[in-house]
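Just entry23.cif here, mmCIF, C-alpha atoms:
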```
data_work
loop_
_atom_site.label_atom_id
_atom_site.label_comp_id
_atom_site.auth_asym_id
_atom_site.auth_seq_id
_atom_site.Cartn_x
_atom_site.Cartn_y
_atom_site.Cartn_z
CA MET A 3 -19.35 -5.74 12.07
CA THR A 4 -18.01 -6.71 15.50
CA HIS A 5 -16.05 -4.30 17.67
CA ALA A 6 -12.97 -6.56 17.36
CA ARG A 7 -13.24 -6.54 13.54
CA GLN A 8 -13.61 -2.74 13.51
CA SER A 9 -10.55 -2.44 15.77
CA ILE A 10 -8.43 -4.53 13.42
CA LEU A 11 -9.51 -2.62 10.32
CA LEU A 12 -8.62 0.65 12.02
CA GLN A 13 -5.07 -0.72 12.13
CA HIS A 14 -4.83 -0.82 8.33
CA ARG A 15 -1.26 -0.13 7.29
CA HIS A 16 0.12 1.12 3.99
CA ILE A 17 3.51 -0.47 3.27
CA ALA A 18 5.48 1.35 0.57
CA MET A 19 8.81 0.48 -1.05
CA LEU A 20 10.96 3.10 -2.78
CA ILE A 21 12.54 1.60 -5.90
CA TYR A 22 14.86 2.98 -8.59
CA PRO A 23 16.85 1.75 -11.63
CA ASP A 24 19.24 -1.14 -10.90
CA CYS A 25 17.75 -1.92 -7.50
CA GLU A 26 17.91 -5.52 -6.27
CA ILE A 27 14.65 -7.28 -7.06
CA VAL A 28 14.74 -9.61 -4.02
CA ASP A 29 15.26 -6.59 -1.75
CA VAL A 30 11.86 -5.46 -2.98
CA THR A 31 9.82 -8.61 -3.45
CA GLY A 32 11.04 -10.54 -0.39
CA PRO A 33 9.93 -8.07 2.30
CA MET A 34 6.73 -7.15 0.44
CA ASP A 35 5.74 -10.81 0.22
CA VAL A 36 6.02 -11.05 4.03
CA PHE A 37 3.20 -8.52 4.37
CA PHE A 38 1.16 -10.34 1.70
CA PHE A 39 1.53 -13.55 3.70
CA ALA A 40 0.64 -11.66 6.88
CA ASN A 41 -2.73 -10.74 5.35
CA TYR A 42 -3.19 -14.41 4.50
CA ALA A 43 -2.21 -15.51 8.03
CA LEU A 44 -4.71 -13.08 9.57
CA ARG A 45 -7.45 -14.46 7.31
CA LEU A 46 -6.56 -18.04 8.26
CA ALA A 47 -6.74 -17.07 11.93
CA GLY A 48 -10.20 -15.60 11.39
CA GLN A 49 -9.04 -12.14 12.48
CA ILE A 50 -10.13 -10.56 9.20
CA ALA A 51 -12.58 -11.63 6.50
CA GLU A 52 -11.49 -13.37 3.30
CA THR A 53 -11.97 -10.16 1.34
CA GLU A 54 -10.09 -7.92 3.76
CA SER A 55 -6.44 -6.90 4.01
CA VAL A 56 -4.71 -5.17 6.87
CA TYR A 57 -1.62 -4.38 4.81
CA SER A 58 -1.80 -2.62 1.45
CA LEU A 59 1.37 -2.60 -0.64
CA SER A 60 2.71 -0.12 -3.17
CA LEU A 61 5.90 0.64 -5.07
CA ILE A 62 7.14 4.22 -5.35
CA ALA A 63 9.71 5.53 -7.83
CA GLU A 64 10.79 8.80 -9.45
CA GLN A 65 8.05 8.18 -12.01
CA ALA A 66 5.17 5.74 -12.13
CA GLY A 67 5.67 2.83 -14.51
CA PRO A 68 8.32 0.18 -15.28
CA VAL A 69 11.64 0.26 -13.40
CA ARG A 70 14.47 -1.96 -14.58
CA THR A 71 16.15 -3.85 -11.74
CA ALA A 72 19.78 -5.01 -11.53
CA SER A 73 18.77 -8.46 -12.82
CA GLY A 74 17.15 -6.95 -15.93
CA MET A 75 13.61 -7.76 -14.84
CA ARG A 76 11.20 -4.89 -14.43
CA LEU A 77 9.00 -3.83 -11.56
CA VAL A 78 6.09 -1.44 -12.05
CA ALA A 79 5.95 1.58 -9.74
CA ASP A 80 2.46 2.61 -8.70
CA ILE A 81 3.21 6.29 -8.18
CA ALA A 82 5.94 8.92 -8.39
CA TYR A 83 7.35 9.78 -5.00
CA GLU A 84 6.66 13.50 -5.43
CA ASP A 85 2.99 12.66 -6.01
CA VAL A 86 2.54 10.68 -2.78
CA THR A 87 -0.34 12.13 -0.77
CA GLU A 88 -1.88 9.21 1.09
CA ASN A 89 -0.53 8.16 4.47
CA ILE A 90 2.34 5.67 4.59
CA ASP A 91 2.75 3.55 7.70
CA THR A 92 6.09 1.91 6.85
CA LEU A 93 8.40 3.22 4.14
CA PHE A 94 11.14 0.91 2.89
CA VAL A 95 14.14 1.94 0.78
CA THR A 96 15.46 -0.89 -1.33
CA GLY A 97 19.14 -1.67 -1.93
CA ALA A 98 21.25 -1.94 -5.06
CA PRO A 99 24.79 -2.67 -6.20
CA LEU A 100 26.91 0.34 -5.26
CA LYS A 101 27.39 1.19 -8.95
CA ALA A 102 23.71 2.17 -9.19
CA ALA A 103 23.51 5.84 -10.17
CA ALA A 104 20.46 6.37 -7.95
CA LEU A 105 22.61 5.96 -4.84
CA GLN A 106 23.98 9.43 -5.62
CA ASP A 107 20.54 10.95 -6.22
CA GLU A 108 20.08 13.90 -3.86
CA LYS A 109 16.37 14.17 -4.73
CA ILE A 110 15.75 10.85 -3.02
CA SER A 111 17.61 11.92 0.11
CA ARG A 112 15.60 15.16 0.27
CA TRP A 113 12.34 13.27 -0.16
CA LEU A 114 13.25 10.83 2.61
CA ARG A 115 13.96 13.73 4.98
CA HIS A 116 10.60 15.20 4.01
CA MET A 117 8.82 11.90 4.65
CA MET A 118 10.46 11.00 7.94
CA PRO A 119 8.01 12.93 10.18
CA LYS A 120 5.08 11.57 8.18
CA VAL A 121 5.69 7.82 8.56
CA ARG A 122 5.50 5.57 11.59
CA ARG A 123 8.52 3.53 10.51
CA MET A 124 11.34 4.09 8.04
CA ALA A 125 13.40 1.07 6.95
CA SER A 126 16.22 0.23 4.57
CA ILE A 127 17.11 -3.03 2.90
CA CYS A 128 20.77 -3.82 2.23
CA THR A 129 22.57 -0.81 0.71
CA GLY A 130 19.39 1.25 1.05
CA ALA A 131 21.07 2.28 4.31
CA PHE A 132 23.32 4.56 2.25
CA PHE A 133 20.25 6.66 1.33
CA LEU A 134 19.27 7.01 4.98
CA ALA A 135 22.83 7.88 5.95
CA GLU A 136 23.18 10.44 3.15
CA SER A 137 19.91 12.05 4.20
CA GLY A 138 21.23 12.41 7.76
CA LEU A 139 18.51 10.18 9.18
CA LEU A 140 21.08 7.75 10.64
CA ASN A 141 23.15 10.39 12.41
CA ASN A 142 23.92 9.26 15.98
CA ARG A 143 21.99 6.05 15.42
CA LYS A 144 22.91 2.37 15.26
CA ALA A 145 22.55 0.75 11.84
CA THR A 146 23.69 -2.06 9.58
CA THR A 147 23.87 -2.90 5.88
CA HIS A 148 25.16 -5.78 3.72
CA TRP A 149 28.28 -7.18 5.36
CA ARG A 150 30.37 -6.36 2.27
CA TYR A 151 29.63 -2.64 2.68
CA CYS A 152 29.59 -2.12 6.45
CA GLU A 153 33.15 -0.79 6.52
CA LEU A 154 32.46 1.57 3.62
CA LEU A 155 29.29 2.88 5.27
CA ALA A 156 31.18 3.43 8.53
CA ASN A 157 34.01 5.27 6.77
CA GLN A 158 31.72 7.51 4.73
CA TYR A 159 29.34 8.39 7.56
CA ARG A 160 31.24 8.86 10.79
CA HIS A 161 28.14 9.85 12.76
CA VAL A 162 26.55 6.42 12.23
CA GLN A 163 27.36 3.51 14.56
CA ILE A 164 27.59 0.44 12.33
CA LEU A 165 26.78 -3.01 13.76
CA PRO A 166 28.19 -5.27 11.02
CA ASP A 167 27.10 -8.62 12.43
CA LYS A 168 23.41 -7.79 12.88
CA ILE A 169 20.77 -9.18 10.51
CA PHE A 170 18.75 -6.04 11.21
CA VAL A 171 18.88 -3.13 13.65
CA ARG A 172 16.15 -0.98 15.16
CA ASP A 173 17.00 2.45 16.52
CA GLY A 174 13.85 4.34 17.41
CA SER A 175 11.54 4.44 14.40
CA ILE A 176 14.32 3.67 11.90
CA TYR A 177 15.22 0.12 10.92
CA THR A 178 18.12 -1.08 8.79
CA SER A 179 18.80 -4.60 7.55
CA GLY A 180 21.72 -6.54 6.17
CA GLY A 181 22.04 -7.93 2.67
CA VAL A 182 19.24 -9.11 0.39
CA THR A 183 17.22 -11.76 2.28
CA ALA A 184 17.85 -9.98 5.59
CA GLY A 185 15.03 -7.71 4.46
CA ILE A 186 12.70 -10.67 4.86
CA ASP A 187 13.89 -11.11 8.46
CA LEU A 188 13.25 -7.43 9.10
CA ALA A 189 9.77 -7.49 7.57
CA LEU A 190 8.90 -10.56 9.63
CA SER A 191 9.95 -8.77 12.80
CA LEU A 192 7.71 -5.82 11.85
CA VAL A 193 4.74 -8.16 11.45
CA GLU A 194 5.52 -9.58 14.89
CA GLU A 195 5.74 -6.03 16.25
CA ASP A 196 2.28 -5.29 14.78
CA TRP A 197 0.39 -8.54 15.42
CA GLY A 198 2.40 -10.70 17.79
CA TRP A 199 4.44 -13.85 17.62
CA GLU A 200 1.70 -16.25 16.48
CA VAL A 201 0.87 -14.30 13.31
CA ALA A 202 4.55 -13.81 12.47
CA ALA A 203 5.27 -17.51 13.08
CA SER A 204 2.40 -18.41 10.75
CA VAL A 205 3.96 -16.20 8.07
CA ALA A 206 7.37 -17.85 8.60
CA ARG A 207 5.84 -21.32 8.27
CA GLY A 208 4.00 -20.32 5.12
CA MET A 209 7.15 -18.91 3.54
CA LEU A 210 9.38 -21.76 4.80
CA ILE A 211 11.78 -19.35 6.49
CA PHE A 212 13.35 -19.02 9.94
CA MET A 213 11.29 -17.20 12.53
CA ARG A 214 14.64 -16.40 14.16
CA ARG A 215 17.62 -16.90 11.88
CA PRO A 216 20.58 -18.30 13.87
CA GLY A 217 23.72 -16.21 14.01
CA GLY A 218 24.50 -12.90 12.34
CA GLN A 219 25.72 -11.64 8.98
CA SER A 220 29.27 -12.78 9.65
CA GLN A 221 28.23 -16.40 9.10
CA PHE A 222 27.68 -15.50 5.43
CA SER A 223 30.88 -13.53 4.89
CA SER A 224 34.26 -14.84 3.88
CA PHE A 225 37.46 -13.77 5.57
CA ALA A 226 38.88 -11.13 3.30
CA PHE A 227 42.53 -11.37 3.70
CA ASN A 228 44.36 -8.16 3.82
CA GLU A 229 47.54 -8.70 1.89
CA ALA A 230 50.75 -7.18 3.21
CA LYS A 231 50.96 -3.63 1.89
CA THR A 232 54.51 -3.45 0.62
CA ARG A 233 56.44 -6.62 1.40
CA LYS A 234 56.22 -9.50 -1.02
CA ASP A 235 57.90 -11.84 1.47
CA PHE A 236 55.07 -11.23 3.94
CA ARG A 237 52.45 -11.85 1.24
CA GLU A 238 54.18 -15.15 0.50
CA LEU A 239 54.12 -15.97 4.22
CA GLN A 240 50.38 -15.28 4.33
CA ALA A 241 49.81 -17.64 1.43
CA TRP A 242 51.91 -20.31 3.16
CA ILE A 243 49.90 -19.93 6.39
CA ALA A 244 46.63 -20.30 4.46
CA SER A 245 47.96 -23.51 2.86
CA HIS A 246 49.21 -24.97 6.16
CA PRO A 247 46.64 -24.19 8.88
CA GLU A 248 47.48 -27.43 10.70
CA GLU A 249 51.12 -26.42 11.28
CA ASP A 250 52.56 -24.81 14.42
CA LEU A 251 51.94 -21.17 13.54
CA SER A 252 53.16 -19.52 16.71
CA VAL A 253 54.82 -16.13 16.47
CA GLU A 254 58.17 -17.72 17.30
CA ILE A 255 57.90 -20.23 14.44
CA LEU A 256 56.68 -17.65 11.92
CA ALA A 257 59.35 -15.17 12.97
CA GLY A 258 61.96 -17.90 12.48
CA ARG A 259 60.72 -18.50 8.92
CA MET A 260 61.24 -14.80 8.23
CA ALA A 261 64.63 -14.72 10.02
CA MET A 262 63.36 -12.03 12.37
CA SER A 263 63.02 -11.67 16.11
CA PRO A 264 59.46 -12.39 17.39
CA ARG A 265 59.05 -8.79 18.56
CA ASN A 266 60.16 -7.22 15.29
CA PHE A 267 58.16 -9.76 13.27
CA SER A 268 54.97 -8.96 15.19
CA ARG A 269 55.51 -5.23 14.73
CA VAL A 270 56.09 -5.50 10.97
CA PHE A 271 53.22 -7.99 10.50
CA CYS A 272 50.75 -5.65 12.25
CA HIS A 273 51.92 -2.72 10.14
CA GLU A 274 51.74 -4.65 6.87
CA VAL A 275 48.55 -6.69 7.42
CA GLY A 276 46.57 -4.62 9.89
CA MET A 277 46.18 -7.32 12.53
CA THR A 278 48.37 -9.39 14.82
CA PRO A 279 49.88 -12.66 13.56
CA ALA A 280 47.77 -14.58 16.09
CA LYS A 281 44.55 -12.98 14.84
CA PHE A 282 45.46 -13.66 11.23
CA VAL A 283 46.21 -17.31 12.01
CA GLU A 284 42.95 -17.70 13.91
CA ARG A 285 40.88 -16.20 11.08
CA THR A 286 42.74 -18.33 8.52
CA ARG A 287 42.02 -21.50 10.49
CA LEU A 288 38.38 -20.48 10.84
CA GLU A 289 38.09 -20.02 7.08
CA ALA A 290 39.77 -23.39 6.47
CA ALA A 291 37.29 -25.06 8.83
CA ARG A 292 34.34 -23.36 7.12
CA ASN A 293 35.46 -24.69 3.74
CA MET A 294 36.05 -28.19 5.10
CA LEU A 295 32.65 -28.28 6.79
CA LEU A 296 30.97 -27.58 3.46
CA ARG A 297 33.16 -29.73 1.21
CA THR A 298 33.57 -32.87 3.32
CA ASP A 299 31.59 -35.09 5.68
CA LEU A 300 34.46 -35.39 8.16
CA PRO A 301 33.55 -35.34 11.87
CA MET A 302 34.21 -32.21 13.91
CA GLU A 303 37.29 -33.56 15.69
CA SER A 304 38.96 -34.44 12.39
CA ILE A 305 38.23 -31.04 10.88
CA ALA A 306 39.52 -29.31 14.00
CA GLY A 307 42.81 -31.21 13.78
CA LYS A 308 43.26 -30.62 10.05
CA CYS A 309 42.65 -26.88 10.51
CA GLY A 310 45.06 -26.40 13.41
CA PHE A 311 42.66 -26.23 16.34
CA ASN A 312 43.63 -28.10 19.50
CA ASN A 313 40.28 -29.88 19.55
CA ALA A 314 36.66 -29.59 18.42
CA GLU A 315 35.75 -27.52 21.47
CA GLN A 316 38.32 -24.85 20.64
CA MET A 317 36.98 -24.77 17.07
CA ARG A 318 33.41 -24.44 18.39
CA ARG A 319 34.39 -21.50 20.62
CA THR A 320 36.08 -19.76 17.68
CA PHE A 321 32.96 -20.20 15.52
CA GLN A 322 30.77 -18.83 18.30
CA ARG A 323 33.04 -15.83 18.86
CA PHE A 324 33.34 -14.80 15.21
CA LEU A 325 30.13 -16.15 13.65
CA THR A 326 27.77 -16.57 16.67
CA ILE A 327 26.94 -20.04 15.37
CA SER A 328 28.35 -23.52 16.02
CA PRO A 329 30.23 -25.56 13.38
CA GLN A 330 27.35 -28.05 13.34
CA GLU A 331 24.82 -25.29 12.69
CA TYR A 332 27.05 -23.76 10.03
CA ARG A 333 27.24 -27.08 8.17
CA ALA A 334 23.47 -27.64 8.51
CA ASN A 335 22.64 -24.15 7.22
CA PHE A 336 25.01 -23.98 4.27
CA LYS A 337 26.05 -27.44 3.08
#
```
Whole structure, structure tokens version:
Amino acid sequence: MTHARQSILLQHRHIAMLIYPDCEIVDVTGPMDVFFFANYALRLAGQIAETESVYSLSLIAEQAGPVRTASGMRLVADIAYEDVTENIDTLFVTGAPLKAAALQDEKISRWLRHMMPKVRRMASICTGAFFLAESGLLNNRKATTHWRYCELLANQYRHVQILPDKIFVRDGSIYTSGGVTAGIDLALSLVEEDWGWEVAASVARGMLIFMRRPGGQSQFSSFAFNEAKTRKDFRELQAWIASHPEEDLSVEILAGRMAMSPRNFSRVFCHEVGMTPAKFVERTRLEAARNMLLRTDLPMESIAGKCGFNNAEQMRRTFQRFLTISPQEYRANFK
């Protein structure tokens, strides 16, 4: 065996995924497949023999055996987490719908705290970040989770700095990723960290995925419109704005519709909706443009006009500011 081959085999890494009832199956299988493809890429490159693997994969649960996922399909855990004795290089915690009972399981949090000094990397997929936060491992760290739950995570765990637009975040030896397929992006970055860009790019080509996904999580989210808290007339105004994005929606015009002074209108709107009228209008126009990009083949200038932007350039700047992606890229990625 050559010295180079011996050196590579010394870098053998055990990748483990903690699973539990009602976990999301893609959160598990997507990232794990990245490491399977990495073994394949290293074989293709001649860095390891056809019979060798650098990454070994295992599933860990409360008990060994079948675990029912949220979709109803079952995964088979190799070992109970309390029986783990062999070294783990990278320990992943999968995500689940927030109704999953396991998300309240203190035994898992205790085990993660116990394992933290014993692993080189700890990572969460999607809402798996709630386990890391509950265990205290994210205290005073940057993190992310599925865009739907970033606000909830931030509110529940004040010592965690949430970065809601990131696909994944590294803070020291702890990694967190956004929703579902973001775990694949994270796993790909870990392969690149271990073996370099060429191996990771080979994995991406084999899996037909982005080596660098454009934009952040916000490109996948929809503008959740906060309805006015108490005033029905303001809720009706919000609905009218959403139906007429092309209209003049200045504060003066909107205040006139409500028979209020601009200053008083702005004050009440902020109190009721939680943002300024201008911000609400901008987000509404952005959402209208997103829908039109996906549902029509109209050119950018036409969509900009129909959605209330002054021109296509203003629409592009708004997309970049909120979604870190251009309208053209958004249409190409999602249509």
Name the residues captured by the PyMOL selection byres ((chain A and resi 79) around 12) when it is applied to the shown file; answer as a list in words.
->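 Applying the expression gives Ala18, Met19, Leu20, Ile21, Tyr22, Pro23, Val30, Leu59, Ser60, Leu61, Ile62, Ala63, Glu64, Gln65, Ala66, Gly67, Pro68, Val69, Arg70, Thr71, Arg76, Leu77, Val78, Asp80, Ile81, Ala82, Tyr83 and Val86 of chain A.
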Pick from A:Asp29, A:Lys308, A:Val56, A:Phe38: nearest to Gln13 (chain A), with only C-alpha atoms counted?
->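 Once distances to Gln13 (chain A) are computed over only C-alpha atoms, the minimum belongs to A:Val56.
One finds CA of Pro119 (chain A) at 23.1 Å from CA of Glu194 (chain A).
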What is the CA of Arg123 (chain A)-CA of Ile27 (chain A) distance in Å, reported with one decimal?
->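 Pair CA of Arg123 (chain A) / CA of Ile27 (chain A) returns 21.5 Å.
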The PyMOL selection byres ((chain A and resi 157-174) around 6) applied to the shown file, residues as a JSON list (two decimals) with C-alpha atoms, in the frame of the given file:
```
[["chain", "number", "residue", "atom", "x", "y", "z"],
["A", 140, "LEU", "CA", 21.08, 7.75, 10.64],
["A", 141, "ASN", "CA", 23.15, 10.39, 12.41],
["A", 142, "ASN", "CA", 23.92, 9.26, 15.98],
["A", 143, "ARG", "CA", 21.99, 6.05, 15.42],
["A", 144, "LYS", "CA", 22.91, 2.37, 15.26],
["A", 145, "ALA", "CA", 22.55, 0.75, 11.84],
["A", 146, "THR", "CA", 23.69, -2.06, 9.58],
["A", 149, "TRP", "CA", 28.28, -7.18, 5.36],
["A", 152, "CYS", "CA", 29.59, -2.12, 6.45],
["A", 154, "LEU", "CA", 32.46, 1.57, 3.62],
["A", 155, "LEU", "CA", 29.29, 2.88, 5.27],
["A", 156, "ALA", "CA", 31.18, 3.43, 8.53],
["A", 175, "SER", "CA", 11.54, 4.44, 14.40],
["A", 176, "ILE", "CA", 14.32, 3.67, 11.90],
["A", 177, "TYR", "CA", 15.22, 0.12, 10.92],
["A", 178, "THR", "CA", 18.12, -1.08, 8.79],
["A", 179, "SER", "CA", 18.80, -4.60, 7.55],
["A", 180, "GLY", "CA", 21.72, -6.54, 6.17],
["A", 184, "ALA", "CA", 17.85, -9.98, 5.59],
["A", 218, "GLY", "CA", 24.50, -12.90, 12.34],
["A", 219, "GLN", "CA", 25.72, -11.64, 8.98],
["A", 220, "SER", "CA", 29.27, -12.78, 9.65]]
```
Skip Ile243 (chain A) itself and residues of its chain fewer than 3 positions away, then list as a list in words all residues within 12 Å of it, counting all atoms listed in the file.
->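 Contacts, in chain order: Phe227, Phe236, Arg237, Glu238, Leu239, Gln240, His246, Pro247, Glu248, Glu249, Asp250, Leu251, Ser252, Val253, Ile255, Leu256, Arg259, Pro279, Ala280, Phe282, Val283, Glu284, Arg285, Thr286, Arg287, Glu289, Ala290, Cys309 and Gly310 of chain A.
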May I have the selected residues written with C-alpha atoms, as a PDB file, in the frame of the given file?
```pdb
ATOM      1  CA  PHE A 227      42.530 -11.370   3.700  1.00  0.00           C
ATOM      2  CA  PHE A 236      55.070 -11.230   3.940  1.00  0.00           C
ATOM      3  CA  ARG A 237      52.450 -11.850   1.240  1.00  0.00           C
ATOM      4  CA  GLU A 238      54.180 -15.150   0.500  1.00  0.00           C
ATOM      5  CA  LEU A 239      54.120 -15.970   4.220  1.00  0.00           C
ATOM      6  CA  GLN A 240      50.380 -15.280   4.330  1.00  0.00           C
ATOM      7  CA  HIS A 246      49.210 -24.970   6.160  1.00  0.00           C
ATOM      8  CA  PRO A 247      46.640 -24.190   8.880  1.00  0.00           C
ATOM      9  CA  GLU A 248      47.480 -27.430  10.700  1.00  0.00           C
ATOM     10  CA  GLU A 249      51.120 -26.420  11.280  1.00  0.00           C
ATOM     11  CA  ASP A 250      52.560 -24.810  14.420  1.00  0.00           C
ATOM     12  CA  LEU A 251      51.940 -21.170  13.540  1.00  0.00           C
ATOM     13  CA  SER A 252      53.160 -19.520  16.710  1.00  0.00           C
ATOM     14  CA  VAL A 253      54.820 -16.130  16.470  1.00  0.00           C
ATOM     15  CA  ILE A 255      57.900 -20.230  14.440  1.00  0.00           C
ATOM     16  CA  LEU A 256      56.680 -17.650  11.920  1.00  0.00           C
ATOM     17  CA  ARG A 259      60.720 -18.500   8.920  1.00  0.00           C
ATOM     18  CA  PRO A 279      49.880 -12.660  13.560  1.00  0.00           C
ATOM     19  CA  ALA A 280      47.770 -14.580  16.090  1.00  0.00           C
ATOM     20  CA  PHE A 282      45.460 -13.660  11.230  1.00  0.00           C
ATOM     21  CA  VAL A 283      46.210 -17.310  12.010  1.00  0.00           C
ATOM     22  CA  GLU A 284      42.950 -17.700  13.910  1.00  0.00           C
ATOM     23  CA  ARG A 285      40.880 -16.200  11.080  1.00  0.00           C
ATOM     24  CA  THR A 286      42.740 -18.330   8.520  1.00  0.00           C
ATOM     25  CA  ARG A 287      42.020 -21.500  10.490  1.00  0.00           C
ATOM     26  CA  GLU A 289      38.090 -20.020   7.080  1.00  0.00           C
ATOM     27  CA  ALA A 290      39.770 -23.390   6.470  1.00  0.00           C
ATOM     28  CA  CYS A 309      42.650 -26.880  10.510  1.00  0.00           C
ATOM     29  CA  GLY A 310      45.060 -26.400  13.410  1.00  0.00           C
TER      30      GLY A 310
END
```
Taking into account only C-alpha atoms, which residue in the set A:Glu153, A:Glu26, A:Glu274, A:Glu108 is nearest to Thr96 (chain A)?
->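 Closest to Thr96 (chain A), using only C-alpha atoms: A:Glu26.
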Expressed in Å to a single decimal, how great is the separation between CA of Leu325 (chain A) and CA of Gly307 (chain A)?
-> 19.7 Å
Pick out the closest residue to Ser137 (chain A) from this set: A:Leu114, A:Met34, A:Ile305, A:Cys25. Count all atoms listed in the file.
->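 Using all atoms listed in the file, the shortest distance to Ser137 (chain A) belongs to A:Leu114.
Near (30.3, -20.5, 16.4), the residues inside the 12 Å limit, counting only C-alpha atoms, come to Pro216, Gly217, Gly218, Ser220, Gln221, Leu288, Ala291, Arg292, Ala314, Glu315, Gln316, Met317, Arg318, Arg319, Thr320, Phe321, Gln322, Arg323, Phe324, Leu325, Thr326, Ile327, Ser328, Pro329, Gln330, Glu331, Tyr332 and Arg333 of chain A.
Nearest residue to Asp91 (chain A), choosing from A:Thr147, A:Ala257, A:His16, A:Gly32 and counting only C-alpha atoms: A:His16.
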For region 77-96 of chain A, where the input has fewer atoms than it should, I would like N, CA and C atoms rebuilt and written as a compact mmCIF listing (two decimals), keeping the file's coordinate frame.
```txt
# COMPACT_ATOMS: atom_id res chain seq x y z
N LEU A 77 10.10 -4.01 -12.50
CA LEU A 77 9.00 -3.83 -11.56
C LEU A 77 8.21 -2.61 -12.01
N VAL A 78 6.95 -2.55 -11.63
CA VAL A 78 6.09 -1.44 -12.05
C VAL A 78 5.75 -0.58 -10.84
N ALA A 79 6.24 0.65 -10.83
CA ALA A 79 5.95 1.58 -9.74
C ALA A 79 4.52 2.08 -9.85
N ASP A 80 3.85 2.16 -8.71
CA ASP A 80 2.46 2.61 -8.70
C ASP A 80 2.34 4.12 -8.80
N ILE A 81 3.34 4.84 -8.28
CA ILE A 81 3.21 6.29 -8.18
C ILE A 81 4.59 6.92 -8.09
N ALA A 82 4.71 8.15 -8.54
CA ALA A 82 5.94 8.92 -8.39
C ALA A 82 6.04 9.42 -6.96
N TYR A 83 7.26 9.44 -6.41
CA TYR A 83 7.35 9.78 -5.00
C TYR A 83 6.92 11.22 -4.72
N GLU A 84 7.09 12.12 -5.66
CA GLU A 84 6.66 13.50 -5.43
C GLU A 84 5.15 13.66 -5.47
N ASP A 85 4.45 12.61 -5.95
CA ASP A 85 2.99 12.66 -6.01
C ASP A 85 2.32 11.93 -4.85
N VAL A 86 3.11 11.43 -3.91
CA VAL A 86 2.54 10.68 -2.78
C VAL A 86 1.76 11.64 -1.88
N THR A 87 0.50 11.32 -1.67
CA THR A 87 -0.34 12.13 -0.77
C THR A 87 -0.96 11.30 0.34
N GLU A 88 -1.24 10.02 0.06
CA GLU A 88 -1.88 9.21 1.09
C GLU A 88 -0.87 8.81 2.16
N ASN A 89 -1.39 8.50 3.33
CA ASN A 89 -0.53 8.16 4.47
C ASN A 89 0.25 6.88 4.20
N ILE A 90 1.50 6.87 4.64
CA ILE A 90 2.34 5.67 4.59
C ILE A 90 2.66 5.29 6.03
N ASP A 91 2.42 4.04 6.36
CA ASP A 91 2.75 3.55 7.70
C ASP A 91 4.23 3.22 7.79
N THR A 92 4.70 2.37 6.85
CA THR A 92 6.09 1.91 6.85
C THR A 92 6.68 2.14 5.48
N LEU A 93 7.74 2.92 5.41
CA LEU A 93 8.40 3.22 4.14
C LEU A 93 9.74 2.52 4.09
N PHE A 94 9.90 1.63 3.12
CA PHE A 94 11.14 0.91 2.89
C PHE A 94 11.93 1.59 1.77
N VAL A 95 13.25 1.52 1.87
CA VAL A 95 14.14 1.94 0.78
C VAL A 95 14.93 0.71 0.37
N THR A 96 14.80 0.31 -0.87
CA THR A 96 15.46 -0.89 -1.33
C THR A 96 16.96 -0.66 -1.54
```
